[in-house]
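**Student:** If you scroll down you'll find the structure; I have some questions about it.
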Amino acid sequence: RRAAPQTVRILNKEFDEYMEMYNNSVQMNIENSDWLYDRIPENLEGKLDYKDLTWDYMKAAYVQFGMIAAVSEKVKNILEELNVSKEEYTLKPIKIKDYDLTYYLMFVPFISDEEILLNNSDVRFKKKPDRKLPVETLEQVHEYDKRIDTFVFYKTMTLPKKFQARDIIYVPRATIRPHFSKRLIDAFEKNKVKGWEFFNYFESKLKF
């Protein structure tokens with residue numbers, strides 16, 4: 001009967017004002033990505049929705065563009081032990097009200113869908129997944145996606161090889177959630193990260 005098992009409500013008004021000014025669309029997020037996450041206000045404070053301190057990965061119910069979750073120290077340590085590039089994610093500490101506890105807001109910079117190599121990709125209707133769509137431009141993809149009840153997904157999404165070594169890939173106009181590398185998925189499962197689950201519902205297969 002909950003919208004989410006657990007999540008963190010951000011209490012700082014200046015955080016909301018900052019995001020509204022510099023991060024209120026996908027395009028703005030991409031354009032400001034070089035400095036956006038570095039300038040997020042410090043000394044953030046949050047409140048848990050429920051009195052349960054056992055969660056490690058909490059998909060944010062109070063979302064901002066690029067913010068994929070609030071995570072525990074365990075997740076932070078996994079990312080650091082695997083030496084995941086800091087260019088692929090940013091963690092901002094947030095103190096939890098009423099507890100001596102810190103979580104981290106996890107941001108993932110967006111990759112523009114202009115990077116997608118459409119000629120080697122496979123785009124389909126969600127309601128007709130057996131039908132491959134003839135698309136040559138992003139404009140065609142967006143037009144299909146605007147039609148009533150004809151949302152599209154990338155069964156296969158091909159990106160340039162420069163992204164192949166990444167552990168976290170997020171193309172927001174083409175995917176519902178970020179893609180994680182196998183070694184990151186394996187580490188989450190090995191360490192029993194609570195709250196994280198690998199979904200493959202209408203998700204893209206990545207090629208390079």
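Naming scheme: A, B, ... for chains in displayed order of the structure tokens; residues 1 onward per chain; ligands 1 onward as shown.
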If you count only C-alpha atoms, which residues fall within 7 Å of Glu73 (chain A), apart from same-chain ones fewer than 3 positions away, as a PyMOL selection string?
**Tutor:** chain A and resi 76-77+103
**Student:** Could you pull the residues within 9 Å of region 157-171 of chain A, counting only C-alpha atoms, minus those fewer than 3 positions along the same chain, as JSON, numbers by chain?
**Tutor:** {"A": [66, 84, 85, 88, 89, 108, 109, 110, 111, 112, 113, 115, 116, 117, 118, 119, 120, 121, 122, 123, 154, 174, 175, 176, 177, 178, 179, 180, 181, 182, 183, 184, 204, 205, 206, 207, 208]}
**Student:** Which residues in region 50-192 of chain A does DSSP call strand (DSSP E)? List them as a VMD selection string.
**Tutor:** chain A and resid 57 to 58 67 to 71 90 to 96 102 to 107 122 to 125 152 to 158 168 to 169 179 to 180
**Student:** Given the selection you just returned, output its residues as a file containing C-alpha atoms, formatted as a PDB file, in the first residue's frame.
**Tutor:**
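And here's part31.pdb as it stands now:
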```pdb
ATOM      1  CA  TYR A  57      18.881   1.627  -2.753  1.00  0.00           C
ATOM      2  CA  MET A  58      15.768   3.768  -2.779  1.00  0.00           C
ATOM      3  CA  MET A  67      18.625  11.694  -9.771  1.00  0.00           C
ATOM      4  CA  ILE A  68      18.076   7.943  -9.894  1.00  0.00           C
ATOM      5  CA  ALA A  69      18.055   6.991  -6.205  1.00  0.00           C
ATOM      6  CA  ALA A  70      19.094   7.665  -2.655  1.00  0.00           C
ATOM      7  CA  VAL A  71      21.699   5.098  -1.648  1.00  0.00           C
ATOM      8  CA  THR A  90      27.724  11.929  -8.536  1.00  0.00           C
ATOM      9  CA  LEU A  91      26.831  11.266  -4.907  1.00  0.00           C
ATOM     10  CA  LYS A  92      25.617  14.095  -2.691  1.00  0.00           C
ATOM     11  CA  PRO A  93      25.389  13.363   1.063  1.00  0.00           C
ATOM     12  CA  ILE A  94      22.071  13.985   2.761  1.00  0.00           C
ATOM     13  CA  LYS A  95      21.694  13.820   6.547  1.00  0.00           C
ATOM     14  CA  ILE A  96      18.575  12.039   7.706  1.00  0.00           C
ATOM     15  CA  THR A 102      23.706   9.765   6.065  1.00  0.00           C
ATOM     16  CA  TYR A 103      22.429   8.623   2.688  1.00  0.00           C
ATOM     17  CA  TYR A 104      23.584   9.823  -0.703  1.00  0.00           C
ATOM     18  CA  LEU A 105      21.545  11.237  -3.568  1.00  0.00           C
ATOM     19  CA  MET A 106      22.804   9.481  -6.686  1.00  0.00           C
ATOM     20  CA  PHE A 107      22.863  11.446  -9.922  1.00  0.00           C
ATOM     21  CA  ASP A 122      15.872  -1.587 -33.358  1.00  0.00           C
ATOM     22  CA  VAL A 123      12.874   0.603 -32.431  1.00  0.00           C
ATOM     23  CA  ARG A 124       9.437  -0.909 -31.759  1.00  0.00           C
ATOM     24  CA  PHE A 125       5.977  -0.096 -30.438  1.00  0.00           C
ATOM     25  CA  VAL A 152       8.012   3.192 -28.543  1.00  0.00           C
ATOM     26  CA  PHE A 153      11.017   1.452 -27.019  1.00  0.00           C
ATOM     27  CA  TYR A 154      14.449   0.444 -28.249  1.00  0.00           C
ATOM     28  CA  LYS A 155      14.682  -3.318 -28.371  1.00  0.00           C
ATOM     29  CA  THR A 156      18.292  -2.756 -29.359  1.00  0.00           C
ATOM     30  CA  MET A 157      20.027   0.555 -28.820  1.00  0.00           C
ATOM     31  CA  THR A 158      23.400   1.034 -30.472  1.00  0.00           C
ATOM     32  CA  ILE A 168      26.336   3.298 -16.004  1.00  0.00           C
ATOM     33  CA  ILE A 169      24.601   4.486 -19.159  1.00  0.00           C
ATOM     34  CA  HIS A 179      21.729   0.554 -17.788  1.00  0.00           C
ATOM     35  CA  PHE A 180      24.193  -0.957 -15.300  1.00  0.00           C
TER      36      PHE A 180
END
```
**Student:** Quick one: pull the distance between CA of Asp56 (chain A) and CA of Leu36 (chain A), Å, one decimal.
**Tutor:**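 Going from CA of Asp56 (chain A) over to CA of Leu36 (chain A) covers 24.9 Å.
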**Student:** For Gln64 (chain A), which residue out of A:Tyr50, A:Tyr99, A:Trp35, A:Tyr22 is the nearest one, using only C-alpha atoms?
**Tutor:** A:Tyr22
**Student:** Write down as JSON, numbers by chain the residues of region 7-41 of chain A whose backbone DSSP state falls under alpha helix (DSSP H).
**Tutor:** {"A": [13, 14, 15, 16, 17, 18, 19, 20, 21, 22, 26, 27, 28, 29, 30, 31]}
**Student:** Write out the residues from the selection above, keeping N, CA and C atoms, as a PDB file, in the first residue's frame.
**Tutor:**
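What follows is the written file again.pdb:
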```pdb
ATOM      1  N   LYS A  13      14.774  23.866   0.793  1.00  0.00           N
ATOM      2  CA  LYS A  13      14.104  24.666  -0.223  1.00  0.00           C
ATOM      3  C   LYS A  13      15.086  25.135  -1.295  1.00  0.00           C
ATOM      4  N   GLU A  14      16.332  25.435  -0.898  1.00  0.00           N
ATOM      5  CA  GLU A  14      17.323  25.922  -1.859  1.00  0.00           C
ATOM      6  C   GLU A  14      17.687  24.855  -2.892  1.00  0.00           C
ATOM      7  N   PHE A  15      17.566  23.576  -2.511  1.00  0.00           N
ATOM      8  CA  PHE A  15      17.796  22.490  -3.462  1.00  0.00           C
ATOM      9  C   PHE A  15      16.738  22.525  -4.556  1.00  0.00           C
ATOM     10  N   ASP A  16      15.483  22.644  -4.171  1.00  0.00           N
ATOM     11  CA  ASP A  16      14.395  22.707  -5.148  1.00  0.00           C
ATOM     12  C   ASP A  16      14.539  23.926  -6.057  1.00  0.00           C
ATOM     13  N   GLU A  17      14.923  25.053  -5.488  1.00  0.00           N
ATOM     14  CA  GLU A  17      15.089  26.272  -6.277  1.00  0.00           C
ATOM     15  C   GLU A  17      16.229  26.124  -7.276  1.00  0.00           C
ATOM     16  N   TYR A  18      17.316  25.501  -6.847  1.00  0.00           N
ATOM     17  CA  TYR A  18      18.454  25.286  -7.731  1.00  0.00           C
ATOM     18  C   TYR A  18      18.062  24.389  -8.907  1.00  0.00           C
ATOM     19  N   MET A  19      17.362  23.302  -8.610  1.00  0.00           N
ATOM     20  CA  MET A  19      16.966  22.370  -9.662  1.00  0.00           C
ATOM     21  C   MET A  19      15.973  23.018 -10.627  1.00  0.00           C
ATOM     22  N   GLU A  20      15.071  23.804 -10.111  1.00  0.00           N
ATOM     23  CA  GLU A  20      14.108  24.480 -10.969  1.00  0.00           C
ATOM     24  C   GLU A  20      14.809  25.458 -11.911  1.00  0.00           C
ATOM     25  N   MET A  21      15.857  26.085 -11.443  1.00  0.00           N
ATOM     26  CA  MET A  21      16.557  27.084 -12.236  1.00  0.00           C
ATOM     27  C   MET A  21      17.470  26.463 -13.296  1.00  0.00           C
ATOM     28  N   TYR A  22      18.104  25.325 -12.962  1.00  0.00           N
ATOM     29  CA  TYR A  22      19.146  24.804 -13.841  1.00  0.00           C
ATOM     30  C   TYR A  22      18.901  23.379 -14.345  1.00  0.00           C
ATOM     31  N   VAL A  26      15.124  17.635 -19.613  1.00  0.00           N
ATOM     32  CA  VAL A  26      16.210  16.763 -20.063  1.00  0.00           C
ATOM     33  C   VAL A  26      17.258  17.568 -20.811  1.00  0.00           C
ATOM     34  N   GLN A  27      16.804  18.456 -21.691  1.00  0.00           N
ATOM     35  CA  GLN A  27      17.738  19.243 -22.487  1.00  0.00           C
ATOM     36  C   GLN A  27      18.598  20.143 -21.612  1.00  0.00           C
ATOM     37  N   MET A  28      17.975  20.765 -20.605  1.00  0.00           N
ATOM     38  CA  MET A  28      18.729  21.622 -19.699  1.00  0.00           C
ATOM     39  C   MET A  28      19.744  20.802 -18.912  1.00  0.00           C
ATOM     40  N   ASN A  29      19.356  19.602 -18.498  1.00  0.00           N
ATOM     41  CA  ASN A  29      20.270  18.728 -17.774  1.00  0.00           C
ATOM     42  C   ASN A  29      21.515  18.433 -18.610  1.00  0.00           C
ATOM     43  N   ILE A  30      21.300  18.095 -19.873  1.00  0.00           N
ATOM     44  CA  ILE A  30      22.426  17.771 -20.754  1.00  0.00           C
ATOM     45  C   ILE A  30      23.301  18.997 -20.988  1.00  0.00           C
ATOM     46  N   GLU A  31      22.679  20.148 -21.225  1.00  0.00           N
ATOM     47  CA  GLU A  31      23.432  21.374 -21.507  1.00  0.00           C
ATOM     48  C   GLU A  31      24.250  21.833 -20.304  1.00  0.00           C
TER      49      GLU A  31
END
```
**Student:** Given the choices A:Glu87, A:Glu114, A:Leu133, A:Asn23, which gets closest to Arg39 (chain A) if the distance is worked out from only C-alpha atoms?
**Tutor:**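 Residue with the minimum atom-to-atom distance to Arg39 (chain A): A:Asn23.
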**Student:** Of the candidates A:Val63, A:Val141, A:Ile10, A:Val75, which one gets nearest to Asn43 (chain A) if we count only C-alpha atoms?
**Tutor:**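 Once distances to Asn43 (chain A) are computed over only C-alpha atoms, the minimum belongs to A:Ile10.
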**Student:** Between CA of Arg173 (chain A) and CA of Glu139 (chain A), what distance in Å does the model show, to one decimal?
**Tutor:**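 CA of Glu139 (chain A) lies at a distance of 12.0 Å from CA of Arg173 (chain A).
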**Student:** For each of A:Glu197, A:Asp100, A:Asp186, A:Asn12, take the minimum atom-to-atom distance to Ile78 (chain A), counting only C-alpha atoms, then give the residue where this is smallest.
**Tutor:**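 Checking each of A:Glu197, A:Asp100, A:Asp186, A:Asn12 against Ile78 (chain A), counting only C-alpha atoms, the winner is A:Asp186.
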**Student:** What's around Val8 (chain A) at 6 Å? Count only C-alpha atoms, leave out sequence neighbours fewer than 3 positions away in its own chain, and write the answer as a PDB file with N, CA and C atoms, in the first residue's frame.
**Tutor:**
```pdb
ATOM      1  N   GLY A  46      17.309  15.398   4.826  1.00  0.00           N
ATOM      2  CA  GLY A  46      16.173  14.654   4.307  1.00  0.00           C
ATOM      3  C   GLY A  46      15.412  13.941   5.404  1.00  0.00           C
ATOM      4  N   LYS A  47      14.238  13.480   5.042  1.00  0.00           N
ATOM      5  CA  LYS A  47      13.400  12.753   5.985  1.00  0.00           C
ATOM      6  C   LYS A  47      12.930  11.470   5.326  1.00  0.00           C
ATOM      7  N   LEU A  48      13.077  10.363   6.029  1.00  0.00           N
ATOM      8  CA  LEU A  48      12.589   9.081   5.510  1.00  0.00           C
ATOM      9  C   LEU A  48      11.070   9.039   5.580  1.00  0.00           C
TER      10      LEU A  48
END
```
